[in-house]
file entry29.cif (mmCIF, C-alpha atoms)
data_structure
#
loop_
_atom_site.group_PDB
_atom_site.id
_atom_site.type_symbol
_atom_site.label_atom_id
_atom_site.label_comp_id
_atom_site.auth_asym_id
_atom_site.auth_seq_id
_atom_site.Cartn_x
_atom_site.Cartn_y
_atom_site.Cartn_z
ATOM 1 C CA MET A 64 104.504 94.851 142.117
ATOM 2 C CA ARG A 65 105.397 91.860 139.937
ATOM 3 C CA TRP A 66 102.178 90.079 140.804
ATOM 4 C CA HIS A 67 100.208 93.163 139.664
ATOM 5 C CA CYS A 68 101.877 92.965 136.228
ATOM 6 C CA ALA A 69 101.226 89.240 136.028
ATOM 7 C CA LEU A 70 97.581 89.746 137.048
ATOM 8 C CA LEU A 71 97.161 92.467 134.413
ATOM 9 C CA ALA A 72 98.718 90.262 131.716
ATOM 10 C CA VAL A 73 96.465 87.298 132.576
ATOM 11 C CA SER A 74 93.379 89.534 132.760
ATOM 12 C CA GLY A 75 94.182 91.101 129.404
ATOM 13 C CA THR A 76 94.679 87.685 127.801
ATOM 14 C CA LEU A 77 91.368 86.414 129.186
ATOM 15 C CA LEU A 78 89.483 89.512 128.017
ATOM 16 C CA PHE A 79 91.048 89.300 124.536
ATOM 17 C CA SER A 80 90.206 85.595 124.136
ATOM 18 C CA ALA A 81 86.661 86.186 125.431
ATOM 19 C CA ALA A 82 86.224 88.962 122.879
ATOM 20 C CA LEU A 83 87.363 86.636 120.096
ATOM 21 C CA ARG A 84 84.917 83.928 121.169
ATOM 22 C CA SER A 85 82.027 86.377 121.442
ATOM 23 C CA GLU A 86 82.656 88.064 118.092
ATOM 24 C CA PRO A 87 79.583 87.638 115.871
ATOM 25 C CA PRO A 88 80.085 85.488 112.767
ATOM 26 C CA ASN A 89 81.071 87.265 109.583
ATOM 27 C CA PRO A 90 77.990 87.253 107.281
ATOM 28 C CA ALA A 91 80.314 87.046 104.243
ATOM 29 C CA HIS A 92 81.276 83.531 105.330
ATOM 30 C CA LYS A 93 79.110 80.424 105.215
ATOM 31 C CA GLU A 94 78.011 78.482 108.256
ATOM 32 C CA ALA A 95 80.925 77.103 110.248
ATOM 33 C CA MET A 96 80.208 73.550 109.089
ATOM 34 C CA GLU A 97 80.330 74.402 105.360
ATOM 35 C CA ILE A 98 83.358 75.035 103.193
ATOM 36 C CA ASP A 99 83.872 76.155 99.626
ATOM 37 C CA LEU A 100 86.815 74.770 97.709
ATOM 38 C CA PHE A 101 88.024 76.011 94.334
ATOM 39 C CA PRO A 102 90.106 73.372 92.535
ATOM 40 C CA VAL A 103 91.914 75.074 89.678
ATOM 41 C CA ASP A 104 90.006 73.074 87.027
ATOM 42 C CA LYS A 105 86.615 74.065 88.517
ATOM 43 C CA ILE A 106 87.182 77.828 88.737
ATOM 44 C CA LYS A 107 84.613 79.698 86.643
ATOM 45 C CA TRP A 108 86.294 82.415 84.596
ATOM 46 C CA GLN A 109 84.387 85.217 82.919
ATOM 47 C CA ALA A 110 85.281 88.363 81.007
ATOM 48 C CA GLY A 111 87.092 90.870 83.203
ATOM 49 C CA PRO A 112 85.418 93.992 84.548
ATOM 50 C CA THR A 113 84.981 96.943 82.192
ATOM 51 C CA SER A 114 87.432 98.887 84.369
ATOM 52 C CA LEU A 115 90.314 96.737 83.052
ATOM 53 C CA PRO A 116 91.671 96.676 79.493
ATOM 54 C CA LYS A 117 90.183 93.947 77.272
ATOM 55 C CA GLY A 118 91.719 90.517 77.552
ATOM 56 C CA ALA A 119 91.470 90.039 81.316
ATOM 57 C CA MET A 120 89.407 87.214 82.790
ATOM 58 C CA ILE A 121 88.095 87.226 86.374
ATOM 59 C CA ALA A 122 86.904 84.593 88.844
ATOM 60 C CA VAL A 123 85.344 85.829 92.092
ATOM 61 C CA LEU A 124 86.113 83.291 94.815
ATOM 62 C CA GLU A 125 84.694 85.002 97.894
ATOM 63 C CA GLY A 126 82.564 88.023 98.648
ATOM 64 C CA ASP A 127 81.692 90.730 96.167
ATOM 65 C CA PRO A 128 84.579 93.064 95.239
ATOM 66 C CA THR A 129 82.091 95.805 94.260
ATOM 67 C CA LYS A 130 80.603 95.986 97.782
ATOM 68 C CA GLU A 131 81.753 96.646 101.341
ATOM 69 C CA GLY A 132 83.336 93.623 102.983
ATOM 70 C CA PRO A 133 86.033 91.015 102.389
ATOM 71 C CA PHE A 134 86.684 89.672 98.894
ATOM 72 C CA VAL A 135 88.995 87.315 97.023
ATOM 73 C CA PHE A 136 89.183 87.216 93.243
ATOM 74 C CA ARG A 137 91.585 86.003 90.597
ATOM 75 C CA VAL A 138 92.499 87.710 87.367
ATOM 76 C CA LYS A 139 93.989 85.894 84.367
ATOM 77 C CA ILE A 140 95.817 88.077 81.855
ATOM 78 C CA PRO A 141 97.583 87.209 78.591
ATOM 79 C CA ASP A 142 101.270 87.646 77.812
ATOM 80 C CA GLY A 143 102.120 91.311 77.258
ATOM 81 C CA TYR A 144 98.948 92.580 78.948
ATOM 82 C CA ARG A 145 99.341 96.122 80.280
ATOM 83 C CA VAL A 146 97.402 98.302 82.697
ATOM 84 C CA PRO A 147 98.319 101.994 82.317
ATOM 85 C CA LEU A 148 99.171 104.344 85.176
ATOM 86 C CA HIS A 149 96.494 104.161 87.862
ATOM 87 C CA THR A 150 95.710 104.232 91.587
ATOM 88 C CA HIS A 151 93.373 102.459 94.001
ATOM 89 C CA PRO A 152 91.522 104.062 96.934
ATOM 90 C CA LYS A 153 92.470 101.162 99.234
ATOM 91 C CA THR A 154 95.614 99.100 99.812
ATOM 92 C CA GLU A 155 96.054 96.584 96.994
ATOM 93 C CA ARG A 156 97.114 93.036 97.937
ATOM 94 C CA VAL A 157 98.226 90.647 95.187
ATOM 95 C CA THR A 158 99.610 87.109 95.070
ATOM 96 C CA VAL A 159 101.039 85.863 91.769
ATOM 97 C CA ILE A 160 99.758 82.345 91.115
ATOM 98 C CA SER A 161 101.479 81.838 87.738
ATOM 99 C CA GLY A 162 103.407 83.869 85.182
ATOM 100 C CA THR A 163 105.238 87.086 86.027
ATOM 101 C CA PHE A 164 103.524 90.291 87.061
ATOM 102 C CA ASN A 165 105.671 93.401 86.631
ATOM 103 C CA ILE A 166 104.929 96.566 88.606
ATOM 104 C CA GLY A 167 106.339 100.045 88.209
ATOM 105 C CA MET A 168 105.763 103.267 90.083
ATOM 106 C CA GLY A 169 105.912 106.824 88.895
ATOM 107 C CA ASP A 170 104.177 109.271 86.620
ATOM 108 C CA LYS A 171 104.563 107.442 83.287
ATOM 109 C CA PHE A 172 104.526 103.879 81.991
ATOM 110 C CA ASP A 173 108.143 102.733 81.718
ATOM 111 C CA GLN A 174 108.375 98.977 81.187
ATOM 112 C CA SER A 175 112.127 99.000 81.858
ATOM 113 C CA ALA A 176 111.551 100.508 85.329
ATOM 114 C CA THR A 177 109.313 97.736 86.623
ATOM 115 C CA ARG A 178 110.034 95.155 89.300
ATOM 116 C CA PRO A 179 109.167 91.535 88.474
ATOM 117 C CA MET A 180 106.841 89.531 90.693
ATOM 118 C CA PRO A 181 107.296 85.882 89.625
ATOM 119 C CA ALA A 182 104.887 83.086 90.586
ATOM 120 C CA GLY A 183 104.625 82.719 94.339
ATOM 121 C CA THR A 184 105.310 86.398 95.070
ATOM 122 C CA TYR A 185 103.011 88.374 97.349
ATOM 123 C CA GLY A 186 103.001 92.155 97.289
ATOM 124 C CA TYR A 187 100.972 95.053 98.579
ATOM 125 C CA TRP A 188 101.094 98.779 98.061
ATOM 126 C CA PRO A 189 99.293 101.647 99.744
ATOM 127 C CA ALA A 190 96.129 103.376 98.645
ATOM 128 C CA GLY A 191 96.773 106.207 96.212
ATOM 129 C CA MET A 192 100.154 104.934 94.973
ATOM 130 C CA LYS A 193 100.609 105.685 91.259
ATOM 131 C CA HIS A 194 101.609 102.481 89.476
ATOM 132 C CA PHE A 195 101.399 100.558 86.207
ATOM 133 C CA VAL A 196 101.705 96.859 85.435
ATOM 134 C CA TRP A 197 102.364 94.371 82.653
ATOM 135 C CA ALA A 198 102.492 90.586 82.345
ATOM 136 C CA LYS A 199 105.219 88.302 81.049
ATOM 137 C CA GLY A 200 103.593 85.055 79.979
ATOM 138 C CA GLU A 201 99.985 84.232 80.769
ATOM 139 C CA THR A 202 99.648 85.383 84.373
ATOM 140 C CA VAL A 203 97.142 84.516 87.100
ATOM 141 C CA LEU A 204 96.862 86.864 90.080
ATOM 142 C CA GLN A 205 94.893 86.614 93.293
ATOM 143 C CA PHE A 206 93.600 89.838 94.857
ATOM 144 C CA HIS A 207 92.142 90.063 98.347
ATOM 145 C CA GLY A 208 91.104 92.812 100.682
ATOM 146 C CA MET A 209 88.153 94.827 101.865
ATOM 147 C CA GLY A 210 85.778 96.080 99.212
ATOM 148 C CA PRO A 211 84.808 97.858 97.308
ATOM 149 C CA TRP A 212 87.772 97.349 94.957
ATOM 150 C CA SER A 213 88.161 99.995 92.251
ATOM 151 C CA ILE A 214 90.707 101.474 89.879
ATOM 152 C CA GLN A 215 91.233 105.099 88.822
ATOM 153 C CA TYR A 216 93.356 105.877 85.760
ATOM 154 C CA LEU A 217 95.465 109.027 85.901
ATOM 155 C CA ASN A 218 94.797 109.724 82.217
ATOM 156 C CA PRO A 219 91.054 109.503 81.470
ATOM 157 C CA ASP A 220 91.929 108.388 77.906
ATOM 158 C CA ASP A 221 93.504 105.209 79.397
ATOM 159 C CA ASP A 222 90.266 104.236 81.163
ATOM 160 C CA PRO A 223 88.525 101.497 79.117
ATOM 161 C CA ARG A 224 85.176 102.684 80.526
ATOM 162 C CA ASN A 225 85.665 105.908 78.520
ATOM 163 C CA ALA A 226 86.275 104.134 75.195
ATOM 164 C CA LYS A 227 83.911 105.112 72.408
ATOM 165 C CA LYS A 228 81.622 102.249 71.546
#
call {"tool": "encode", "arguments": {"input": "entry29.cif", "output": "structure tokens"}}
result
Amino acid sequence: MRWHCALLAVSGTLLFSAALRSEPPNPAHKEAMEIDLFPVDKIKWQAGPTSLPKGAMIAVLEGDPTKEGPFVFRVKIPDGYRVPLHTHPKTERVTVISGTFNIGMGDKFDQSATRPMPAGTYGYWPAGMKHFVWAKGETVLQFHGMGPWSIQYLNPDDDPRNAKK
């Protein structure tokens, strides 16, 4: 009986490793012999997406966050920057590179009810979770996940895309 369990374990390991080796390459990644590096002084920042309040800067490092597939992007926000109550249709994954990112949950923006995420903190929260955020000091965040990334404001008046031009 024990040798059957051992045989099953070895067979399962071999099948799993064979599956990993035979997995087709991810088209979002370059050829295996090429790498992309992003030294902090070479990152190309541009105005943030229209879905975020003015003042945000974005640098897309990998993939395209507006399309299906993996992405990595950074967002730089000024001191005091706020994003009103909103949700995301997919899990949000954030690493704080610098500054302090403050997140709160609930049905209204309450700065005193937020939890600080200082530099070096990683956090994630599930799709559909109502939350709001603000920055203490200039803050750089790194987002990663599977696209498309999007944001839905609970109050349509908070959505910068609805602002009268």
call {"tool": "closest_residue", "arguments": {"input": "entry29.cif", "among": "A:Leu217, A:Ala198, A:Gln205, A:Ala122", "to": "Gly169 in chain A", "atoms": "all atoms listed in the file"}}
result
A:Leu217
call {"tool": "resolve_selection", "arguments": {"input": "entry29.cif", "expression": "the PyMOL selection byres ((chain A and resi 138-142) around 8)", "output": "list of chain:residue names"}}
result
A:Gly111, A:Gly118, A:Ala119, A:Met120, A:Ile121, A:Ala122, A:Phe136, A:Arg137, A:Gly143, A:Tyr144, A:Ala198, A:Lys199, A:Gly200, A:Glu201, A:Thr202, A:Val203, A:Leu204, A:Gln205, A:Phe206
call {"tool": "atom_distance", "arguments": {"input": "entry29.cif", "atom1": "CA of Lys107 in chain A", "atom2": "CA of Trp188 in chain A"}}
result
27.7 Å
call {"tool": "atom_distance", "arguments": {"input": "entry29.cif", "atom1": "CA of Ser161 in chain A", "atom2": "CA of Ile106 in chain A"}}
result
14.9 Å
call {"tool": "atom_distance", "arguments": {"input": "entry29.cif", "atom1": "CA of Met168 in chain A", "atom2": "CA of Phe134 in chain A"}}
result
25.0 Å
call {"tool": "resolve_selection", "arguments": {"input": "entry29.cif", "expression": "the PyMOL selection byres ((chain A and resi 176-183) around 6)", "output": "list in words"}}
result
Val159, Ile160, Ser161, Gly162, Thr163, Phe164, Asn165, Ile166, Gly167, Asp173, Gln174, Ser175 and Thr184 of chain A
call {"tool": "resolve_selection", "arguments": {"input": "entry29.cif", "expression": "the PyMOL selection byres ((chain A and resi 128) around 6)", "output": "ChimeraX atom specification"}}
result
/A:127,129-130,134,210-212
call {"tool": "residues_around", "arguments": {"input": "entry29.cif", "residues": "Ile214 in chain A", "least_positions_apart": "3", "cutoff": "10 Å", "atoms": "all atoms listed in the file", "output": "MDAnalysis selection string"}}
result
chainID A and resid 114:115 149:153 191 217 222
call {"tool": "closest_residue", "arguments": {"input": "entry29.cif", "among": "A:Val157, A:Met96, A:Met209, A:Val146", "to": "Asp221 in chain A", "atoms": "only C-alpha atoms"}}
result
A:Val146
